[in-house]
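**Student:** This structure is in structure tokens; I'll ask about it shortly.
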Amino acid sequence: MNTRDSIKTKCQLLEELLLRKNDAYGNSALDPLGVFSSANASAGIKIRLDDKLKRIANAGLVEDTEDTLIDIAGYIILLMIAKDNESNNIQ
């Protein structure tokens with residue numbers, strides 16, 4: 001498989017994961033419930049990203065953290081969407 005095809009495959013897998021998790025968690029990343037925290041969507045996603053990066057920092061890039069890479073890619077996309085939503089929500 002060439003690089004172009006690999007990019008398409010990884011992006012498709014990421015899309016499927018994001019849609020599946022969004023269905024399962026009810027859009028919680030972009031519309032947080034706010035029971036224990038009043039952080040907006042962007043702040044919450046940044047916290048999740050910190051947690052994922054800390055996991056890699058602690059364990060390294062090993063078989064057990066491979067899924068963390070796709071989680072990070074997904075959270076980056078969600079952060080971009082959150083920032084778009086926030087910029088369209090000017091008070």
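Identifiers in the structure tokens: chain A, B, ... in order shown; residue index from 1 per chain; ligand index from 1 in order shown.
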Extract, using only C-alpha atoms, all DNA, RNA and protein residues at most 7 Å from stretch 76-88 of chain A, discarding same-chain residues fewer than 4 positions from it, and format them as a ChimeraX atom specification.
**Tutor:** /A:30,41-42,45,72
**Student:** Atoms to include: N, CA, C and O atoms. Write the selected residues as a short mmCIF file (atom, residue, chain, number, x, y, z; two decimals), in the first residue's frame.
**Tutor:**
```cif
data_model
loop_
_atom_site.label_atom_id
_atom_site.label_comp_id
_atom_site.auth_asym_id
_atom_site.auth_seq_id
_atom_site.Cartn_x
_atom_site.Cartn_y
_atom_site.Cartn_z
N LEU A 30 -18.35 17.62 22.64
CA LEU A 30 -18.69 18.95 22.16
C LEU A 30 -19.85 19.60 22.92
O LEU A 30 -20.08 20.79 22.82
N ALA A 41 -16.24 23.06 25.96
CA ALA A 41 -15.84 21.89 25.18
C ALA A 41 -14.35 21.90 24.88
O ALA A 41 -13.66 20.88 25.04
N SER A 42 -13.81 23.04 24.45
CA SER A 42 -12.38 23.11 24.12
C SER A 42 -11.50 22.76 25.31
O SER A 42 -10.55 22.00 25.18
N ILE A 45 -11.67 19.00 26.07
CA ILE A 45 -10.92 18.21 25.07
C ILE A 45 -9.42 18.35 25.31
O ILE A 45 -8.67 17.37 25.22
N ILE A 72 -5.80 10.49 20.13
CA ILE A 72 -5.25 11.85 20.03
C ILE A 72 -5.67 12.51 18.72
O ILE A 72 -6.12 13.66 18.72
#
```
**Student:** Looking only at helix (DSSP H, G or I) from DSSP on the backbone, list the matching residues of chain A as a ChimeraX atom specification.
**Tutor:** /A:3-25,41-59,63-87
**Student:** Keeping only C-alpha atoms, take the residues you just selected and write them out as a PDB file, in the first residue's frame.
**Tutor:**
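Produced file again.pdb, reproduced below:
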```pdb
ATOM      1  CA  THR A   3       1.347   6.448   1.370  1.00  0.00           C
ATOM      2  CA  ARG A   4      -1.712   8.003  -0.269  1.00  0.00           C
ATOM      3  CA  ASP A   5      -3.746   4.834   0.286  1.00  0.00           C
ATOM      4  CA  SER A   6      -2.453   4.537   3.859  1.00  0.00           C
ATOM      5  CA  ILE A   7      -3.595   8.099   4.587  1.00  0.00           C
ATOM      6  CA  LYS A   8      -7.048   7.360   3.200  1.00  0.00           C
ATOM      7  CA  THR A   9      -7.319   4.154   5.215  1.00  0.00           C
ATOM      8  CA  LYS A  10      -6.245   5.784   8.499  1.00  0.00           C
ATOM      9  CA  CYS A  11      -8.600   8.727   7.949  1.00  0.00           C
ATOM     10  CA  GLN A  12     -11.490   6.370   7.227  1.00  0.00           C
ATOM     11  CA  LEU A  13     -10.778   4.388  10.399  1.00  0.00           C
ATOM     12  CA  LEU A  14     -10.624   7.627  12.384  1.00  0.00           C
ATOM     13  CA  GLU A  15     -13.922   8.823  10.906  1.00  0.00           C
ATOM     14  CA  GLU A  16     -15.614   5.544  11.809  1.00  0.00           C
ATOM     15  CA  LEU A  17     -14.226   5.677  15.354  1.00  0.00           C
ATOM     16  CA  LEU A  18     -15.333   9.283  15.917  1.00  0.00           C
ATOM     17  CA  LEU A  19     -18.839   8.607  14.637  1.00  0.00           C
ATOM     18  CA  ARG A  20     -19.153   5.410  16.694  1.00  0.00           C
ATOM     19  CA  LYS A  21     -17.949   7.143  19.884  1.00  0.00           C
ATOM     20  CA  ASN A  22     -20.161  10.159  19.226  1.00  0.00           C
ATOM     21  CA  ASP A  23     -23.169   7.847  18.981  1.00  0.00           C
ATOM     22  CA  ALA A  24     -22.141   5.939  22.111  1.00  0.00           C
ATOM     23  CA  TYR A  25     -21.355   8.991  24.271  1.00  0.00           C
ATOM     24  CA  ALA A  41     -15.843  21.888  25.176  1.00  0.00           C
ATOM     25  CA  SER A  42     -12.379  23.109  24.117  1.00  0.00           C
ATOM     26  CA  ALA A  43     -11.023  23.029  27.664  1.00  0.00           C
ATOM     27  CA  GLY A  44     -12.438  19.561  28.276  1.00  0.00           C
ATOM     28  CA  ILE A  45     -10.920  18.212  25.072  1.00  0.00           C
ATOM     29  CA  LYS A  46      -7.548  19.741  25.948  1.00  0.00           C
ATOM     30  CA  ILE A  47      -7.668  17.949  29.296  1.00  0.00           C
ATOM     31  CA  ARG A  48      -8.373  14.658  27.532  1.00  0.00           C
ATOM     32  CA  LEU A  49      -5.469  15.329  25.179  1.00  0.00           C
ATOM     33  CA  ASP A  50      -3.184  15.977  28.149  1.00  0.00           C
ATOM     34  CA  ASP A  51      -4.255  12.640  29.643  1.00  0.00           C
ATOM     35  CA  LYS A  52      -3.517  10.790  26.388  1.00  0.00           C
ATOM     36  CA  LEU A  53      -0.120  12.459  26.010  1.00  0.00           C
ATOM     37  CA  LYS A  54       0.726  11.650  29.630  1.00  0.00           C
ATOM     38  CA  ARG A  55      -0.101   8.013  28.972  1.00  0.00           C
ATOM     39  CA  ILE A  56       2.401   7.940  26.097  1.00  0.00           C
ATOM     40  CA  ALA A  57       4.982   9.850  28.149  1.00  0.00           C
ATOM     41  CA  ASN A  58       4.675   7.299  30.946  1.00  0.00           C
ATOM     42  CA  ALA A  59       4.529   4.104  28.883  1.00  0.00           C
ATOM     43  CA  GLU A  63       1.570  -1.952  21.742  1.00  0.00           C
ATOM     44  CA  ASP A  64      -0.562  -0.949  24.744  1.00  0.00           C
ATOM     45  CA  THR A  65      -0.570   2.725  23.697  1.00  0.00           C
ATOM     46  CA  GLU A  66      -1.139   2.318  19.946  1.00  0.00           C
ATOM     47  CA  ASP A  67      -4.861   3.039  20.366  1.00  0.00           C
ATOM     48  CA  THR A  68      -3.892   6.253  22.146  1.00  0.00           C
ATOM     49  CA  LEU A  69      -2.516   7.676  18.902  1.00  0.00           C
ATOM     50  CA  ILE A  70      -5.860   7.396  17.129  1.00  0.00           C
ATOM     51  CA  ASP A  71      -7.574   8.829  20.221  1.00  0.00           C
ATOM     52  CA  ILE A  72      -5.250  11.848  20.034  1.00  0.00           C
ATOM     53  CA  ALA A  73      -5.986  12.322  16.332  1.00  0.00           C
ATOM     54  CA  GLY A  74      -9.698  12.142  17.083  1.00  0.00           C
ATOM     55  CA  TYR A  75      -9.487  14.653  19.914  1.00  0.00           C
ATOM     56  CA  ILE A  76      -7.555  17.058  17.672  1.00  0.00           C
ATOM     57  CA  ILE A  77     -10.422  16.925  15.151  1.00  0.00           C
ATOM     58  CA  LEU A  78     -12.972  17.434  17.931  1.00  0.00           C
ATOM     59  CA  LEU A  79     -10.934  20.388  19.229  1.00  0.00           C
ATOM     60  CA  MET A  80     -11.010  21.983  15.772  1.00  0.00           C
ATOM     61  CA  ILE A  81     -14.809  21.533  15.674  1.00  0.00           C
ATOM     62  CA  ALA A  82     -15.182  22.922  19.201  1.00  0.00           C
ATOM     63  CA  LYS A  83     -13.113  25.991  18.292  1.00  0.00           C
ATOM     64  CA  ASP A  84     -15.268  26.512  15.182  1.00  0.00           C
ATOM     65  CA  ASN A  85     -18.421  26.205  17.289  1.00  0.00           C
ATOM     66  CA  GLU A  86     -17.102  28.641  19.882  1.00  0.00           C
ATOM     67  CA  SER A  87     -16.115  31.235  17.278  1.00  0.00           C
TER      68      SER A  87
END
```
**Student:** Quick one, how far is atom CA of A:Asn89 from atom CA of A:Asp31?
**Tutor:**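 One can read the atom CA of A:Asn89 to atom CA of A:Asp31 distance as 13.3 Å.
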